[in-house]
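Novice: Before we start, here is the structure in question, set down as structure tokens.
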Amino acid sequence: MSRPPRRRTAPPGRPRRPLGALRALRAVPWRYDLPSSLVVFLVALPLCVGVAVASGVPAELGLMTGIVGGLVVGLLPGSSLQVSGPAAGLTVLVYEAVQRFGPGALGLLVLGTGLLQLAMGALRLGRWFRAMSASVVHGMLAGIGLTLLFGQLYALADRRAPATGPEKIAGLPVLLRDAVTGAATPSAVALGAGTLLVLVFWKHLPAKVVQNVPAPLAAVGLAAAVTAAADLPVARVRVSGLLDVVHLPDRAALGALAGSAGLGTVLGTVVAFTLIASAETLFSAAAVDRMHHGPRTDYDRELTAQGIGNTVCGLLGALPMTAVIVRSAANVQAGARTKASRTLHGVWLLLFTALLPGALGLVPLTALAAVLVHAGAKLVPVRRIVALCREHRGEALVLGVTATAIIATDLFEGVLIGIGLAVAKSAWQTSHLQIGVEELHPERVLRVRLSGNATFLRLPRLLDTLERLPADRPVELDWSGLRHLDHACTVALASWATQHRARSSAPLAVEPPLPAVV
């Protein structure tokens, strides 16, 4: 009879090792996640700075949001491989909020966004974002991308952009003329155009070693080197300490927020932040899940994680965060296996900001504008638009109207217009009603067959057909093929049947009998 194996115990006086933590640590595939974290850091660095500058706040606030996205959200459950930070998709809305309420109130707006996301996560509303029309989402991204592109073209030429989308579009011919004739700053235009060319053609270079360097980092690094070497007279990023730009919410900020606009405007901005940040995060999660075979995203937990991250960003006065598809895709493509990669990228951002803040002062603003022009152009789903125009013109119309409304008005109103149009389109398409009229011989009875869905949207066509029936012919109305008959059509059919019997001597049969009308 064999003895059971003896259980090993730690010697007296020696603490037992936390085997669970050690096993978890050993389970992390460092040979994949460590290189991936460096790639994500190199991609995130110029984007964090560029989004902050375009939003009208210090560059360090964008880095702070990236740090929180790595060190806080990176450790939380939800999605394992997508990376959070400041997003180009919120740049336009954040800039408008900073101009309207002041930079001191930004933290309170982001704090409200985080708390609202936490409430939505607790109510398990994350999965409902998947019910939003894909055309509205892509139209939102297209509108954001075009607004960002048009605005940053002015920054690329060292000019101040007009306030509204239509004014930005109307001013493009004058901007192009000034850039060609040299009326704009020639060095800024040349440097920005060169940075944009590097971004576009970097991936086509033959050297594999060169291609392993992220295009945004290479473009911004080359622009900074040229600016420093030639001492070009272009505006550069203003640098201050990380702790100098962090401001906790106080009564002064709350008073400024309350005095700058009404409560409805403030709540509308918070709701816009929340809806757009949440939608971009969860749609990004769906896209990232299709790129790998690891654990799938828990949408409610991911929404809660984003709420915690935005709450922390709000307390620090930083930019709002979302999950960003560019960094997330870079993380997956670099071979990341666990959430350790996205957490480490936050560590590298923190070390860079703390140890090398002066390096940001070498970066020209026109180079960051070129990065955002490139990012804005990539938000426009050109292939999807072409495919929709060929196969689903109604969806293409929703996409185009949403994007145009965002450019013409603002992000929140544009998305609402797109959602309203998508709902109206769906209601119209789902109310298909087939009306068939045939003559039965030899009785010469007119049989009217109804099938599909009879809703108030099809009521004019239905009544026109019935009222054209001759009064001296027997009529059989067969509506057994209807899948749905709403109250408006029921009332209309009952009223028509009563009037037809009153003015006609020919019999009228309705099968099955219509329900009682109240």
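Letters A, B, ... mark the chains of the structure tokens in the order given; residue numbers begin at 1 per chain; ligand numbers begin at 1, in order shown.
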Quick one: residues within 10 Å of A:Val312, only C-alpha atoms, excluding same-chain residues fewer than 5 positions away - as a PDB file with N, CA, C and O atoms, in the first residue's frame?

Specialist:
```pdb
ATOM      1  N   THR A  65      -2.906  61.301 -19.262  1.00  0.00           N
ATOM      2  CA  THR A  65      -4.011  60.390 -19.608  1.00  0.00           C
ATOM      3  C   THR A  65      -3.480  59.062 -20.117  1.00  0.00           C
ATOM      4  O   THR A  65      -4.018  57.995 -19.783  1.00  0.00           O
ATOM      5  N   VAL A  68      -2.331  57.068 -17.043  1.00  0.00           N
ATOM      6  CA  VAL A  68      -3.467  56.487 -16.325  1.00  0.00           C
ATOM      7  C   VAL A  68      -4.053  55.323 -17.125  1.00  0.00           C
ATOM      8  O   VAL A  68      -4.434  54.288 -16.563  1.00  0.00           O
ATOM      9  N   GLY A  69      -4.115  55.477 -18.440  1.00  0.00           N
ATOM     10  CA  GLY A  69      -4.629  54.395 -19.267  1.00  0.00           C
ATOM     11  C   GLY A  69      -3.809  53.125 -19.153  1.00  0.00           C
ATOM     12  O   GLY A  69      -4.342  52.015 -19.268  1.00  0.00           O
ATOM     13  N   VAL A  72      -3.542  52.279 -14.658  1.00  0.00           N
ATOM     14  CA  VAL A  72      -4.820  52.054 -13.967  1.00  0.00           C
ATOM     15  C   VAL A  72      -5.720  51.134 -14.787  1.00  0.00           C
ATOM     16  O   VAL A  72      -6.027  50.009 -14.379  1.00  0.00           O
ATOM     17  N   VAL A  73      -6.131  51.596 -15.963  1.00  0.00           N
ATOM     18  CA  VAL A  73      -7.033  50.794 -16.790  1.00  0.00           C
ATOM     19  C   VAL A  73      -6.344  49.523 -17.272  1.00  0.00           C
ATOM     20  O   VAL A  73      -6.981  48.476 -17.418  1.00  0.00           O
ATOM     21  N   GLY A 107     -11.253  69.145 -15.888  1.00  0.00           N
ATOM     22  CA  GLY A 107     -11.208  68.027 -14.954  1.00  0.00           C
ATOM     23  C   GLY A 107     -12.576  67.647 -14.431  1.00  0.00           C
ATOM     24  O   GLY A 107     -12.905  66.458 -14.302  1.00  0.00           O
ATOM     25  N   VAL A 110     -14.480  65.750 -17.163  1.00  0.00           N
ATOM     26  CA  VAL A 110     -13.984  64.379 -17.301  1.00  0.00           C
ATOM     27  C   VAL A 110     -14.384  63.545 -16.090  1.00  0.00           C
ATOM     28  O   VAL A 110     -14.717  62.358 -16.213  1.00  0.00           O
ATOM     29  N   LEU A 111     -14.367  64.148 -14.900  1.00  0.00           N
ATOM     30  CA  LEU A 111     -14.811  63.445 -13.692  1.00  0.00           C
ATOM     31  C   LEU A 111     -16.267  63.029 -13.819  1.00  0.00           C
ATOM     32  O   LEU A 111     -16.638  61.892 -13.479  1.00  0.00           O
ATOM     33  N   GLY A 114     -16.456  60.049 -16.104  1.00  0.00           N
ATOM     34  CA  GLY A 114     -16.073  58.803 -15.446  1.00  0.00           C
ATOM     35  C   GLY A 114     -17.148  58.266 -14.530  1.00  0.00           C
ATOM     36  O   GLY A 114     -17.443  57.058 -14.529  1.00  0.00           O
ATOM     37  N   GLN A 306     -13.114  51.857 -17.946  1.00  0.00           N
ATOM     38  CA  GLN A 306     -12.977  53.183 -18.534  1.00  0.00           C
ATOM     39  C   GLN A 306     -13.522  54.254 -17.592  1.00  0.00           C
ATOM     40  O   GLN A 306     -12.980  55.358 -17.507  1.00  0.00           O
ATOM     41  N   GLY A 307     -14.611  53.925 -16.876  1.00  0.00           N
ATOM     42  CA  GLY A 307     -15.142  54.876 -15.909  1.00  0.00           C
ATOM     43  C   GLY A 307     -14.160  55.165 -14.794  1.00  0.00           C
ATOM     44  O   GLY A 307     -13.991  56.323 -14.370  1.00  0.00           O
ATOM     45  N   GLY A 317      -7.238  66.459 -13.545  1.00  0.00           N
ATOM     46  CA  GLY A 317      -7.397  67.544 -14.511  1.00  0.00           C
ATOM     47  C   GLY A 317      -6.868  67.204 -15.888  1.00  0.00           C
ATOM     48  O   GLY A 317      -6.534  68.109 -16.667  1.00  0.00           O
ATOM     49  N   ALA A 318      -6.782  65.906 -16.231  1.00  0.00           N
ATOM     50  CA  ALA A 318      -6.214  65.472 -17.506  1.00  0.00           C
ATOM     51  C   ALA A 318      -7.303  65.346 -18.560  1.00  0.00           C
ATOM     52  O   ALA A 318      -8.484  65.633 -18.324  1.00  0.00           O
ATOM     53  N   PRO A 320      -9.840  63.390 -21.270  1.00  0.00           N
ATOM     54  CA  PRO A 320     -10.622  62.153 -21.205  1.00  0.00           C
ATOM     55  C   PRO A 320      -9.944  61.047 -21.995  1.00  0.00           C
ATOM     56  O   PRO A 320      -9.174  61.315 -22.926  1.00  0.00           O
TER      57      PRO A 320
END
```

Novice: Quick one: residues within 7 Å of A:Ala87, only C-alpha atoms, excluding same-chain residues fewer than 2 positions away - as number ranges by chain?

Specialist: A: 51, 85, 89-91, 321-322, 324

Novice: Going by DSSP on the backbone, which bits of stretch 398-514 of chain A are strand (DSSP E)? Write them as a count of residues only, please.

Specialist: 33

Novice: With distances taken over only C-alpha atoms, which of A:Thr181, A:His487, A:Asp410, A:His293 is nearest to A:Ala163?

Specialist: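 Of the candidates, the smallest distance to A:Ala163 is held by A:Asp410.
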
Novice: Hey, what does DSSP flag as alpha helix (DSSP H) within stretch 82-266 of chain A? Can you give it to me as a VMD selection string?

Specialist: chain A and resid 91 to 101 106 to 122 134 to 156 165 to 170 172 to 181 186 to 201 208 to 211 215 to 230 242 to 245 251 to 260 263 to 266

Novice: Leaving out A:Gly139 and any residue of its chain fewer than 4 positions from it, which residues lie within 7 Å of it when counting only C-alpha atoms, given as a list in words?

Specialist: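 Close residues of A:Gly139: Ser135, Gly143, Leu399, Gly400, Thr402 and Ala403 of chain A.
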
Novice: Hey, can you spit out that residue selection with N, CA and C atoms as a PDB file, in the first residue's frame?

Specialist:
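Contents of out-v2.pdb, freshly written:
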```
ATOM      1  N   SER A 135     -23.423  52.274 -39.432  1.00  0.00           N
ATOM      2  CA  SER A 135     -23.289  53.439 -40.315  1.00  0.00           C
ATOM      3  C   SER A 135     -23.192  54.728 -39.503  1.00  0.00           C
ATOM      4  N   GLY A 143     -16.925  62.059 -39.561  1.00  0.00           N
ATOM      5  CA  GLY A 143     -17.114  63.473 -39.221  1.00  0.00           C
ATOM      6  C   GLY A 143     -16.022  63.992 -38.314  1.00  0.00           C
ATOM      7  N   LEU A 399     -24.574  57.289 -43.161  1.00  0.00           N
ATOM      8  CA  LEU A 399     -23.170  57.616 -42.871  1.00  0.00           C
ATOM      9  C   LEU A 399     -22.837  59.033 -43.314  1.00  0.00           C
ATOM     10  N   GLY A 400     -23.226  59.381 -44.551  1.00  0.00           N
ATOM     11  CA  GLY A 400     -22.902  60.701 -45.072  1.00  0.00           C
ATOM     12  C   GLY A 400     -23.599  61.824 -44.327  1.00  0.00           C
ATOM     13  N   THR A 402     -24.647  61.737 -41.191  1.00  0.00           N
ATOM     14  CA  THR A 402     -24.049  61.854 -39.864  1.00  0.00           C
ATOM     15  C   THR A 402     -22.752  62.646 -39.917  1.00  0.00           C
ATOM     16  N   ALA A 403     -21.886  62.307 -40.868  1.00  0.00           N
ATOM     17  CA  ALA A 403     -20.610  63.015 -40.984  1.00  0.00           C
ATOM     18  C   ALA A 403     -20.824  64.486 -41.315  1.00  0.00           C
TER      19      ALA A 403
END
```

Novice: Can you pull out the residues contacting A:Leu232? Cut-off 10 Å, using only C-alpha atoms, and skip same-chain residues under 3 positions away; I want them as a list in words.

Specialist: Ser187, Ala188, Leu191, Ala224, Val226, Thr227, Ala228, Ala229, Ala235 and Pro364 of chain A

Novice: Could you please determine the separation between atom CA of A:Gly102 and atom CA of A:Glu60 in Å, to one decimal place?

Specialist: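 These two atoms are separated by 17.3 Å.
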
Novice: Take atom CA of A:Gly145 and atom CA of A:Ala370 and report the distance between them in Å, one decimal.

Specialist: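 For atom CA of A:Gly145 relative to atom CA of A:Ala370, the distance reads 13.1 Å.
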
Novice: With only C-alpha atoms as the atoms that count, which of A:Arg160, A:Arg100, A:Arg342, A:Arg290 lies nearest to A:Gly70?

Specialist: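 Checking each of A:Arg160, A:Arg100, A:Arg342, A:Arg290 against A:Gly70, counting only C-alpha atoms, the winner is A:Arg342.
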
Novice: Restricting the calculation to only C-alpha atoms, which member of A:Ala59, A:Ala367, A:Cys48, A:Val137 is positioned closest to A:Leu379?

Specialist: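 The shortest atom-to-atom distance to A:Leu379 comes from A:Val137.
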
Novice: Within 12 Å of A:Ala408, counting only C-alpha atoms, which residues show up once you throw out same-chain ones fewer than 3 positions away? Write them as a list in words, please.

Specialist: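 These residues fall inside the cut-off: Gly143, Ile144, Leu146, Thr147, Ala163, Thr164, Gly165, Pro166, Glu167, Lys168, Ile169, Ala170, Val401, Thr402, Ala403, Thr404, Ala405, Leu411, Phe412, Glu413, Gly414, Val415 and Ile417 of chain A.
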
Novice: Leaving out A:Ala336 and any residue of its chain fewer than 5 positions from it, which residues lie within 7 Å of it when counting only C-alpha atoms, given as a PyMOL selection string?

Specialist: chain A and resi 32-33+36+331+341

Novice: Quick one: everything within 7 Å of A:Ala454, counting only C-alpha atoms, minus sequence neighbours fewer than 5 positions away in the same chain. Send it as a PyMOL selection string.

Specialist: chain A and resi 431+433+482+484-486+489

Novice: Which one is closest to A:Pro58: A:Leu197, A:Ile419, A:Leu243, A:Leu172? Count only C-alpha atoms.

Specialist: A:Leu243

Novice: Restricting the calculation to only C-alpha atoms, which member of A:Arg238, A:Leu81, A:Glu511, A:His204 is positioned closest to A:Ala334?

Specialist: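 Of A:Arg238, A:Leu81, A:Glu511, A:His204, the one nearest A:Ala334, counting only C-alpha atoms, is A:Leu81.
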